[in-house]
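data_13.pdb (PDB, C-alpha atoms, pLDDT in the B column)
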MODEL        1
ATOM      1  CA  MET A   1    -124.226 -46.350  11.863  1.00 53.00           C
ATOM      2  CA  ALA A   2    -121.465 -48.544  10.526  1.00 53.00           C
ATOM      3  CA  GLU A   3    -121.516 -46.681   7.232  1.00 53.00           C
ATOM      4  CA  LYS A   4    -121.162 -43.343   9.079  1.00 52.00           C
ATOM      5  CA  GLU A   5    -118.143 -44.587  11.011  1.00 59.00           C
ATOM      6  CA  ASN A   6    -116.482 -45.784   7.800  1.00 58.00           C
ATOM      7  CA  GLU A   7    -116.966 -42.392   6.155  1.00 61.00           C
ATOM      8  CA  GLU A   8    -115.506 -40.588   9.200  1.00 60.00           C
ATOM      9  CA  LYS A   9    -112.437 -42.873   9.099  1.00 61.00           C
ATOM     10  CA  LYS A  10    -111.912 -42.105   5.381  1.00 61.00           C
ATOM     11  CA  ILE A  11    -112.163 -38.375   6.068  1.00 58.00           C
ATOM     12  CA  ASN A  12    -109.673 -38.638   8.922  1.00 59.00           C
ATOM     13  CA  ARG A  13    -107.250 -40.579   6.668  1.00 63.00           C
ATOM     14  CA  GLN A  14    -107.486 -37.957   3.925  1.00 55.00           C
ATOM     15  CA  ASP A  15    -106.877 -35.179   6.466  1.00 53.00           C
ATOM     16  CA  SER A  16    -103.782 -36.944   7.856  1.00 52.00           C
ATOM     17  CA  GLU A  17    -102.438 -37.559   4.346  1.00 51.00           C
ATOM     18  CA  SER A  18    -103.051 -33.953   3.421  1.00 49.00           C
ATOM     19  CA  GLU A  19    -101.262 -32.876   6.605  1.00 48.00           C
ATOM     20  CA  LYS A  20     -98.248 -35.057   5.712  1.00 49.00           C
ATOM     21  CA  LYS A  21     -98.122 -33.784   2.161  1.00 46.00           C
ATOM     22  CA  GLY A  22     -98.710 -30.163   3.218  1.00 46.00           C
ATOM     23  CA  THR A  23    -100.395 -27.421   1.255  1.00 52.00           C
ATOM     24  CA  PRO A  24     -99.345 -26.637  -2.352  1.00 54.00           C
ATOM     25  CA  LYS A  25     -97.850 -23.360  -1.190  1.00 52.00           C
ATOM     26  CA  GLU A  26     -95.642 -25.067   1.388  1.00 56.00           C
ATOM     27  CA  GLU A  27     -94.433 -27.540  -1.196  1.00 56.00           C
ATOM     28  CA  THR A  28     -93.561 -24.669  -3.524  1.00 61.00           C
ATOM     29  CA  ASP A  29     -91.605 -22.903  -0.742  1.00 60.00           C
ATOM     30  CA  LYS A  30     -89.681 -26.057   0.042  1.00 59.00           C
ATOM     31  CA  LYS A  31     -88.797 -26.495  -3.599  1.00 62.00           C
ATOM     32  CA  GLU A  32     -87.599 -22.893  -3.899  1.00 63.00           C
ATOM     33  CA  LYS A  33     -85.515 -23.284  -0.759  1.00 62.00           C
ATOM     34  CA  LYS A  34     -83.834 -26.401  -2.139  1.00 62.00           C
ATOM     35  CA  ASP A  35     -83.146 -24.626  -5.428  1.00 61.00           C
ATOM     36  CA  SER A  36     -81.556 -21.634  -3.639  1.00 63.00           C
ATOM     37  CA  GLN A  37     -79.322 -23.954  -1.583  1.00 63.00           C
ATOM     38  CA  LYS A  38     -78.215 -25.669  -4.776  1.00 60.00           C
ATOM     39  CA  ASP A  39     -77.450 -22.268  -6.342  1.00 59.00           C
ATOM     40  CA  GLU A  40     -75.372 -21.235  -3.298  1.00 62.00           C
ATOM     41  CA  LYS A  41     -73.384 -24.473  -3.456  1.00 59.00           C
ATOM     42  CA  SER A  42     -72.737 -24.022  -7.168  1.00 62.00           C
ATOM     43  CA  GLU A  43     -71.594 -20.399  -6.570  1.00 62.00           C
ATOM     44  CA  LYS A  44     -69.133 -21.526  -3.872  1.00 59.00           C
ATOM     45  CA  THR A  45     -67.834 -24.236  -6.187  1.00 62.00           C
ATOM     46  CA  ASP A  46     -67.341 -21.623  -8.960  1.00 56.00           C
ATOM     47  CA  GLU A  47     -65.465 -19.298  -6.564  1.00 60.00           C
ATOM     48  CA  LYS A  48     -63.135 -22.109  -5.505  1.00 58.00           C
ATOM     49  CA  SER A  49     -62.434 -23.024  -9.113  1.00 58.00           C
ATOM     50  CA  GLU A  50     -61.706 -19.335  -9.932  1.00 56.00           C
ATOM     51  CA  LYS A  51     -59.240 -19.090  -7.018  1.00 56.00           C
ATOM     52  CA  VAL A  52     -57.473 -22.220  -8.169  1.00 49.00           C
ATOM     53  CA  SER A  53     -57.275 -20.881 -11.734  1.00 53.00           C
ATOM     54  CA  ASP A  54     -55.898 -17.526 -10.440  1.00 52.00           C
ATOM     55  CA  LYS A  55     -53.206 -19.368  -8.527  1.00 50.00           C
ATOM     56  CA  ASP A  56     -52.314 -21.277 -11.638  1.00 52.00           C
ATOM     57  CA  LYS A  57     -52.107 -18.037 -13.602  1.00 52.00           C
ATOM     58  CA  GLU A  58     -49.668 -16.402 -11.109  1.00 53.00           C
ATOM     59  CA  PRO A  59     -46.095 -16.548 -12.462  1.00 54.00           C
ATOM     60  CA  LYS A  60     -43.953 -18.933 -10.514  1.00 58.00           C
ATOM     61  CA  GLU A  61     -40.636 -17.538  -9.168  1.00 58.00           C
ATOM     62  CA  GLU A  62     -37.791 -18.916 -11.180  1.00 66.00           C
ATOM     63  CA  LYS A  63     -35.171 -20.597  -9.069  1.00 73.00           C
ATOM     64  CA  LYS A  64     -31.737 -19.116  -9.796  1.00 74.00           C
ATOM     65  CA  ASP A  65     -28.969 -21.459 -10.700  1.00 84.00           C
ATOM     66  CA  PRO A  66     -26.379 -21.310  -7.829  1.00 86.00           C
ATOM     67  CA  LEU A  67     -23.511 -21.613 -10.326  1.00 88.00           C
ATOM     68  CA  LYS A  68     -24.832 -18.759 -12.449  1.00 87.00           C
ATOM     69  CA  GLU A  69     -25.367 -16.591  -9.367  1.00 88.00           C
ATOM     70  CA  ALA A  70     -21.819 -17.316  -8.157  1.00 90.00           C
ATOM     71  CA  GLN A  71     -20.407 -16.403 -11.572  1.00 90.00           C
ATOM     72  CA  GLU A  72     -22.283 -13.079 -11.498  1.00 90.00           C
ATOM     73  CA  GLN A  73     -20.861 -12.283  -8.060  1.00 92.00           C
ATOM     74  CA  ILE A  74     -17.354 -13.181  -9.241  1.00 93.00           C
ATOM     75  CA  GLY A  75     -17.790 -10.846 -12.229  1.00 91.00           C
ATOM     76  CA  GLN A  76     -18.874  -7.978  -9.983  1.00 92.00           C
ATOM     77  CA  LEU A  77     -15.962  -8.517  -7.588  1.00 93.00           C
ATOM     78  CA  LYS A  78     -13.521  -8.709 -10.495  1.00 93.00           C
ATOM     79  CA  ASP A  79     -14.830  -5.416 -11.884  1.00 92.00           C
ATOM     80  CA  LYS A  80     -14.437  -3.735  -8.468  1.00 93.00           C
ATOM     81  CA  TYR A  81     -10.901  -5.126  -8.132  1.00 94.00           C
ATOM     82  CA  LEU A  82      -9.838  -3.846 -11.563  1.00 94.00           C
ATOM     83  CA  ARG A  83     -11.268  -0.401 -10.799  1.00 94.00           C
ATOM     84  CA  SER A  84      -9.408  -0.280  -7.468  1.00 94.00           C
ATOM     85  CA  VAL A  85      -6.127  -1.302  -9.129  1.00 94.00           C
ATOM     86  CA  ALA A  86      -6.560   1.384 -11.807  1.00 94.00           C
ATOM     87  CA  GLU A  87      -7.327   4.060  -9.203  1.00 94.00           C
ATOM     88  CA  PHE A  88      -4.305   3.073  -7.092  1.00 94.00           C
ATOM     89  CA  ASP A  89      -2.041   3.103 -10.149  1.00 93.00           C
ATOM     90  CA  ASN A  90      -3.240   6.612 -11.066  1.00 94.00           C
ATOM     91  CA  TYR A  91      -2.670   7.746  -7.452  1.00 94.00           C
ATOM     92  CA  ARG A  92       0.871   6.266  -7.450  1.00 94.00           C
ATOM     93  CA  LYS A  93       1.784   8.002 -10.715  1.00 94.00           C
ATOM     94  CA  ARG A  94       0.375  11.322  -9.490  1.00 93.00           C
ATOM     95  CA  THR A  95       2.295  11.041  -6.197  1.00 93.00           C
ATOM     96  CA  LEU A  96       5.560  10.248  -7.987  1.00 92.00           C
ATOM     97  CA  LYS A  97       5.086  13.256 -10.260  1.00 91.00           C
ATOM     98  CA  GLU A  98       4.395  15.533  -7.270  1.00 89.00           C
ATOM     99  CA  LYS A  99       7.536  14.250  -5.509  1.00 88.00           C
ATOM    100  CA  ALA A 100       9.638  14.803  -8.626  1.00 86.00           C
ATOM    101  CA  ASP A 101       8.279  18.344  -8.959  1.00 84.00           C
ATOM    102  CA  LEU A 102       9.010  18.988  -5.285  1.00 82.00           C
ATOM    103  CA  ILE A 103      12.610  17.795  -5.655  1.00 80.00           C
ATOM    104  CA  LEU A 104      13.181  19.879  -8.783  1.00 79.00           C
ATOM    105  CA  ASN A 105      11.398  23.025  -7.623  1.00 77.00           C
ATOM    106  CA  GLY A 106      11.589  22.673  -3.837  1.00 74.00           C
ATOM    107  CA  GLY A 107      14.194  25.431  -3.576  1.00 82.00           C
ATOM    108  CA  GLU A 108      12.009  27.939  -5.419  1.00 85.00           C
ATOM    109  CA  LYS A 109      10.869  29.619  -2.207  1.00 85.00           C
ATOM    110  CA  THR A 110      14.442  29.861  -0.895  1.00 87.00           C
ATOM    111  CA  ILE A 111      15.823  31.288  -4.127  1.00 89.00           C
ATOM    112  CA  THR A 112      13.014  33.837  -4.309  1.00 90.00           C
ATOM    113  CA  ALA A 113      13.801  34.968  -0.750  1.00 90.00           C
ATOM    114  CA  ILE A 114      17.540  35.500  -1.303  1.00 91.00           C
ATOM    115  CA  LEU A 115      17.363  37.108  -4.758  1.00 94.00           C
ATOM    116  CA  PRO A 116      16.873  40.611  -3.243  1.00 93.00           C
ATOM    117  CA  VAL A 117      20.108  40.088  -1.295  1.00 93.00           C
ATOM    118  CA  MET A 118      21.844  39.251  -4.553  1.00 93.00           C
ATOM    119  CA  ASP A 119      20.513  42.509  -6.007  1.00 94.00           C
ATOM    120  CA  ASP A 120      22.017  44.436  -3.068  1.00 93.00           C
ATOM    121  CA  PHE A 121      25.410  42.796  -3.625  1.00 92.00           C
ATOM    122  CA  GLU A 122      25.308  43.762  -7.292  1.00 93.00           C
ATOM    123  CA  ARG A 123      24.541  47.391  -6.406  1.00 91.00           C
ATOM    124  CA  ALA A 124      27.332  47.444  -3.784  1.00 89.00           C
ATOM    125  CA  LEU A 125      29.854  46.120  -6.295  1.00 88.00           C
ATOM    126  CA  ALA A 126      28.724  48.644  -8.883  1.00 90.00           C
ATOM    127  CA  SER A 127      29.250  51.487  -6.401  1.00 85.00           C
ATOM    128  CA  LYS A 128      32.414  53.584  -6.919  1.00 84.00           C
ATOM    129  CA  SER A 129      32.648  54.786  -3.342  1.00 81.00           C
ATOM    130  CA  ASN A 130      36.103  54.577  -1.752  1.00 84.00           C
ATOM    131  CA  GLU A 131      35.017  55.364   1.788  1.00 88.00           C
ATOM    132  CA  PRO A 132      35.650  52.334   4.036  1.00 88.00           C
ATOM    133  CA  LYS A 133      32.894  53.343   6.481  1.00 90.00           C
ATOM    134  CA  ALA A 134      30.253  53.582   3.716  1.00 89.00           C
ATOM    135  CA  ILE A 135      31.298  50.183   2.359  1.00 88.00           C
ATOM    136  CA  LYS A 136      31.154  48.625   5.835  1.00 91.00           C
ATOM    137  CA  ASP A 137      27.726  50.107   6.573  1.00 91.00           C
ATOM    138  CA  GLY A 138      26.455  48.834   3.220  1.00 91.00           C
ATOM    139  CA  MET A 139      27.750  45.332   3.988  1.00 92.00           C
ATOM    140  CA  ASN A 140      26.047  45.393   7.420  1.00 94.00           C
ATOM    141  CA  LEU A 141      22.752  46.336   5.818  1.00 94.00           C
ATOM    142  CA  ILE A 142      23.064  43.500   3.302  1.00 94.00           C
ATOM    143  CA  TYR A 143      24.022  41.062   6.093  1.00 94.00           C
ATOM    144  CA  LYS A 144      20.992  42.015   8.211  1.00 94.00           C
ATOM    145  CA  LYS A 145      18.720  41.743   5.192  1.00 94.00           C
ATOM    146  CA  PHE A 146      20.120  38.275   4.491  1.00 94.00           C
ATOM    147  CA  GLN A 147      19.560  37.216   8.120  1.00 93.00           C
ATOM    148  CA  LYS A 148      15.965  38.416   7.910  1.00 93.00           C
ATOM    149  CA  ALA A 149      15.427  36.425   4.713  1.00 92.00           C
ATOM    150  CA  LEU A 150      16.806  33.263   6.362  1.00 92.00           C
ATOM    151  CA  ALA A 151      14.623  33.804   9.440  1.00 92.00           C
ATOM    152  CA  GLY A 152      11.598  34.023   7.142  1.00 91.00           C
ATOM    153  CA  LEU A 153      12.535  30.579   5.819  1.00 90.00           C
ATOM    154  CA  GLY A 154      12.783  29.130   9.355  1.00 92.00           C
ATOM    155  CA  VAL A 155      16.581  29.330   9.649  1.00 94.00           C
ATOM    156  CA  LYS A 156      17.996  30.391  13.026  1.00 94.00           C
ATOM    157  CA  GLU A 157      21.497  30.727  14.434  1.00 94.00           C
ATOM    158  CA  ILE A 158      22.517  28.409  17.280  1.00 94.00           C
ATOM    159  CA  ASP A 159      23.353  30.555  20.293  1.00 93.00           C
ATOM    160  CA  THR A 160      26.679  29.419  21.826  1.00 92.00           C
ATOM    161  CA  LYS A 161      27.834  32.426  23.883  1.00 89.00           C
ATOM    162  CA  ASP A 162      28.643  31.352  27.479  1.00 86.00           C
ATOM    163  CA  LYS A 163      26.604  28.173  26.996  1.00 91.00           C
ATOM    164  CA  ASP A 164      27.352  24.702  28.325  1.00 91.00           C
ATOM    165  CA  PHE A 165      28.745  22.398  25.688  1.00 93.00           C
ATOM    166  CA  ASP A 166      25.830  20.433  24.174  1.00 92.00           C
ATOM    167  CA  THR A 167      26.530  17.735  21.600  1.00 92.00           C
ATOM    168  CA  THR A 168      22.987  18.100  20.245  1.00 93.00           C
ATOM    169  CA  TYR A 169      23.825  21.498  18.754  1.00 94.00           C
ATOM    170  CA  MET A 170      27.616  21.779  18.982  1.00 95.00           C
ATOM    171  CA  GLU A 171      30.791  20.133  17.800  1.00 94.00           C
ATOM    172  CA  ALA A 172      33.992  20.573  19.780  1.00 94.00           C
ATOM    173  CA  VAL A 173      36.950  21.386  17.556  1.00 94.00           C
ATOM    174  CA  ALA A 174      39.339  22.416  20.340  1.00 92.00           C
ATOM    175  CA  MET A 175      39.814  21.969  24.099  1.00 92.00           C
ATOM    176  CA  VAL A 176      41.222  24.996  25.945  1.00 90.00           C
ATOM    177  CA  PRO A 177      43.071  24.037  29.175  1.00 89.00           C
ATOM    178  CA  GLY A 178      43.680  26.218  32.251  1.00 79.00           C
ATOM    179  CA  MET A 179      40.401  28.126  32.059  1.00 78.00           C
ATOM    180  CA  GLY A 180      39.454  27.417  35.688  1.00 81.00           C
ATOM    181  CA  ASP A 181      36.494  25.588  37.169  1.00 81.00           C
ATOM    182  CA  LYS A 182      33.961  28.226  36.080  1.00 85.00           C
ATOM    183  CA  LYS A 183      34.846  27.787  32.427  1.00 86.00           C
ATOM    184  CA  LYS A 184      35.156  24.009  32.545  1.00 89.00           C
ATOM    185  CA  GLY A 185      32.706  22.469  30.041  1.00 89.00           C
ATOM    186  CA  LYS A 186      31.684  25.907  28.793  1.00 91.00           C
ATOM    187  CA  VAL A 187      31.963  27.264  25.233  1.00 93.00           C
ATOM    188  CA  ILE A 188      34.996  29.547  25.080  1.00 92.00           C
ATOM    189  CA  ASP A 189      34.755  30.525  21.432  1.00 92.00           C
ATOM    190  CA  CYS A 190      32.591  29.779  18.373  1.00 94.00           C
ATOM    191  CA  VAL A 191      34.705  28.987  15.348  1.00 94.00           C
ATOM    192  CA  GLN A 192      31.785  28.479  12.969  1.00 95.00           C
ATOM    193  CA  THR A 193      28.140  29.417  13.536  1.00 94.00           C
ATOM    194  CA  GLY A 194      25.605  26.599  13.545  1.00 95.00           C
ATOM    195  CA  TYR A 195      22.043  26.771  12.205  1.00 96.00           C
ATOM    196  CA  THR A 196      18.675  25.093  12.683  1.00 95.00           C
ATOM    197  CA  LEU A 197      15.856  24.843  10.153  1.00 93.00           C
ATOM    198  CA  ASN A 198      12.465  24.684  11.864  1.00 92.00           C
ATOM    199  CA  ASP A 199      14.177  23.455  15.069  1.00 90.00           C
ATOM    200  CA  LYS A 200      16.146  20.787  13.196  1.00 94.00           C
ATOM    201  CA  VAL A 201      19.934  21.094  13.252  1.00 95.00           C
ATOM    202  CA  ILE A 202      21.212  21.531   9.710  1.00 94.00           C
ATOM    203  CA  ARG A 203      24.746  22.492  10.792  1.00 96.00           C
ATOM    204  CA  HIS A 204      26.365  22.038  14.178  1.00 95.00           C
ATOM    205  CA  ALA A 205      28.190  24.995  15.679  1.00 95.00           C
ATOM    206  CA  LYS A 206      31.948  24.409  15.810  1.00 95.00           C
ATOM    207  CA  VAL A 207      33.256  25.580  19.195  1.00 95.00           C
ATOM    208  CA  ALA A 208      36.236  25.593  21.525  1.00 94.00           C
ATOM    209  CA  VAL A 209      35.442  24.187  24.973  1.00 93.00           C
ATOM    210  CA  GLY A 210      37.100  24.987  28.304  1.00 90.00           C
ATOM    211  CA  GLN A 211      38.966  22.150  30.010  1.00 84.00           C
TER
ENDMDL
END
When written as structure tokens, how does the structure in this file appear?
Amino acid sequence: MAEKENEEKKINRQDSESEKKGTPKEETDKKEKKDSQKDEKSEKTDEKSEKVSDKDKEPKEEKKDPLKEAQEQIGQLKDKYLRSVAEFDNYRKRTLKEKADLILNGGEKTITAILPVMDDFERALASKSNEPKAIKDGMNLIYKKFQKALAGLGVKEIDTKDKDFDTTYMEAVAMVPGMGDKKKGKVIDCVQTGYTLNDKVIRHAKVAVGQ
């Protein structure tokens, strides 16, 4: 009986040891699992090292020298300034030339307008007519043509007939006394016709004023 009990104890011990150790298949699975975990860790380590190497490979931004940058800006501003000065100088020269041309040739339009009147005078002088009426009519035609030419240039006569004396357009050359209250301060006679050019007085009308 004692021998039987001892054998049973041995068997139980072997079974418990075998349970602790596990089957060969289980041990193989455990080993494979450990190996796969090691592989995963090594892969992660490799990825980290690759990222670090990529960062190292990336070109670092060069820091610009503040002095160099300031000098570049000064150069750009200087170039802009010189261009502006050159443009302004060209504009000034062009404007001066235009003004000089205007002064020299400003009367071209006026001369062109009155040249036909000059032609009429030449024809009248060349005429051999001795009739006073024909000569007078010819002069009236030339006079009206000349007035029309002046009106086309913006020249107008200053109307003084029965007008109140106005220093803006008139100049008193004589005072006529004893004209009565109705004629006091009124234009009695126009000695010389006045003219305006585009509403600007270019010659005051010389008048006699009632006193």
Evaluate the PyMOL selection byres ((chain A and resi 159-168) around 9) on the structure here and hand back the selected residues as a list in words.
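That selection, the PyMOL selection byres ((chain A and resi 159-168) around 9), comes back as Glu157, Ile158, Tyr169, Met170, Glu171, Ala172, Lys183, Lys184, Gly185, Lys186, Val187, Ile188, Asp189, Cys190, Thr193, Gly194, Val201, His204, Ala205, Val207 and Val209 of chain A.
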Pick the closest to Gly154 of chain A from A:Ser84, A:Asn198, A:Gln73, A:Thr95: which is it, counting all atoms listed in the file?
A:Asn198
Closest of A:Gln147, A:Gln211, A:Gln71, A:Thr196 to Ile114 of chain A - atom-to-atom distances counting only C-alpha atoms:
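For Ile114 of chain A, the nearest of the candidates is A:Gln147.
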Atom CA of Lys97 of chain A and atom CA of Lys78 of chain A, how far apart in Å?
28.8 Å
If we count only C-alpha atoms, what is near Leu153 of chain A at a cut-off of 12 Å, once residues fewer than 2 positions away on the same chain are taken out, given as a list in words?
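Counting only C-alpha atoms, the residues come to Gly107, Glu108, Lys109, Thr110, Ile111, Thr112, Ala113, Ile114, Phe146, Gln147, Lys148, Ala149, Leu150, Ala151, Val155, Lys156, Thr196, Leu197, Asn198 and Asp199 of chain A.
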Create the file for the chosen residues now, containing C-alpha atoms and written as a JSON list (two decimals), keeping the file's coordinate frame.
[["chain", "number", "residue", "atom", "x", "y", "z"],
["A", 107, "GLY", "CA", 14.19, 25.43, -3.58],
["A", 108, "GLU", "CA", 12.01, 27.94, -5.42],
["A", 109, "LYS", "CA", 10.87, 29.62, -2.21],
["A", 110, "THR", "CA", 14.44, 29.86, -0.90],
["A", 111, "ILE", "CA", 15.82, 31.29, -4.13],
["A", 112, "THR", "CA", 13.01, 33.84, -4.31],
["A", 113, "ALA", "CA", 13.80, 34.97, -0.75],
["A", 114, "ILE", "CA", 17.54, 35.50, -1.30],
["A", 146, "PHE", "CA", 20.12, 38.28, 4.49],
["A", 147, "GLN", "CA", 19.56, 37.22, 8.12],
["A", 148, "LYS", "CA", 15.96, 38.42, 7.91],
["A", 149, "ALA", "CA", 15.43, 36.42, 4.71],
["A", 150, "LEU", "CA", 16.81, 33.26, 6.36],
["A", 151, "ALA", "CA", 14.62, 33.80, 9.44],
["A", 155, "VAL", "CA", 16.58, 29.33, 9.65],
["A", 156, "LYS", "CA", 18.00, 30.39, 13.03],
["A", 196, "THR", "CA", 18.68, 25.09, 12.68],
["A", 197, "LEU", "CA", 15.86, 24.84, 10.15],
["A", 198, "ASN", "CA", 12.46, 24.68, 11.86],
["A", 199, "ASP", "CA", 14.18, 23.46, 15.07]]
Please indicate the distance in Å from atom CA of Ala208 of chain A to atom CA of Asp181 of chain A, rounded to one decimal place.
15.6 Å
For atom CA of Lys144 of chain A and atom CA of Leu125 of chain A, determine how far apart the two atoms are, in Å to one decimal place.
17.5 Å
Applied to this file, what does the PyMOL selection byres ((chain A and resi 138) around 12) return in terms of residues, put as a VMD selection string?
chain A and resid 117 120 to 125 127 129 131 to 137 139 to 145
Completion step: segment 153-161 of chain A with all heavy atoms as a compact mmCIF listing (two decimals), in the coordinates of the input:
# COMPACT_ATOMS: atom_id res chain seq x y z
N LEU A 153 12.56 31.96 6.32
CA LEU A 153 12.54 30.58 5.82
C LEU A 153 12.62 29.55 6.95
O LEU A 153 12.63 28.35 6.70
CB LEU A 153 13.70 30.35 4.85
CG LEU A 153 13.64 31.17 3.55
CD1 LEU A 153 14.96 31.06 2.80
CD2 LEU A 153 12.49 30.71 2.67
N GLY A 154 12.71 30.04 8.20
CA GLY A 154 12.78 29.13 9.36
C GLY A 154 14.19 28.81 9.80
O GLY A 154 14.39 27.90 10.61
N VAL A 155 15.18 29.56 9.28
CA VAL A 155 16.58 29.33 9.65
C VAL A 155 16.95 30.24 10.81
O VAL A 155 16.70 31.45 10.77
CB VAL A 155 17.51 29.59 8.44
CG1 VAL A 155 18.97 29.37 8.83
CG2 VAL A 155 17.12 28.69 7.27
N LYS A 156 17.56 29.61 11.85
CA LYS A 156 18.00 30.39 13.03
C LYS A 156 19.42 30.01 13.39
O LYS A 156 19.83 28.86 13.22
CB LYS A 156 17.08 30.12 14.22
CG LYS A 156 15.67 30.66 14.05
CD LYS A 156 14.83 30.36 15.28
CE LYS A 156 13.41 30.85 15.13
NZ LYS A 156 12.57 30.51 16.31
N GLU A 157 20.14 31.00 13.94
CA GLU A 157 21.50 30.73 14.43
C GLU A 157 21.43 29.98 15.76
O GLU A 157 20.51 30.20 16.57
CB GLU A 157 22.27 32.03 14.65
CG GLU A 157 22.65 32.74 13.37
CD GLU A 157 23.50 33.97 13.65
OE1 GLU A 157 23.90 34.17 14.82
OE2 GLU A 157 23.75 34.74 12.70
N ILE A 158 22.41 29.10 15.99
CA ILE A 158 22.52 28.41 17.28
C ILE A 158 23.32 29.30 18.22
O ILE A 158 24.48 29.64 17.95
CB ILE A 158 23.19 27.03 17.12
CG1 ILE A 158 22.31 26.12 16.23
CG2 ILE A 158 23.42 26.38 18.47
CD1 ILE A 158 22.95 24.79 15.87
N ASP A 159 22.69 29.67 19.32
CA ASP A 159 23.35 30.56 20.29
C ASP A 159 24.35 29.74 21.12
O ASP A 159 23.98 28.75 21.76
CB ASP A 159 22.30 31.19 21.20
CG ASP A 159 22.90 32.23 22.14
OD1 ASP A 159 24.03 32.67 21.87
OD2 ASP A 159 22.23 32.56 23.13
N THR A 160 25.63 30.16 21.11
CA THR A 160 26.68 29.42 21.83
C THR A 160 27.38 30.26 22.90
O THR A 160 28.18 29.72 23.69
CB THR A 160 27.74 28.92 20.82
OG1 THR A 160 28.30 30.04 20.15
CG2 THR A 160 27.14 27.95 19.82
N LYS A 161 27.10 31.53 22.98
CA LYS A 161 27.83 32.43 23.88
C LYS A 161 27.58 32.06 25.34
O LYS A 161 26.43 32.06 25.81
CB LYS A 161 27.42 33.88 23.63
CG LYS A 161 28.30 34.88 24.35
CD LYS A 161 27.91 36.29 23.97
CE LYS A 161 28.80 37.31 24.70
NZ LYS A 161 28.44 38.70 24.38
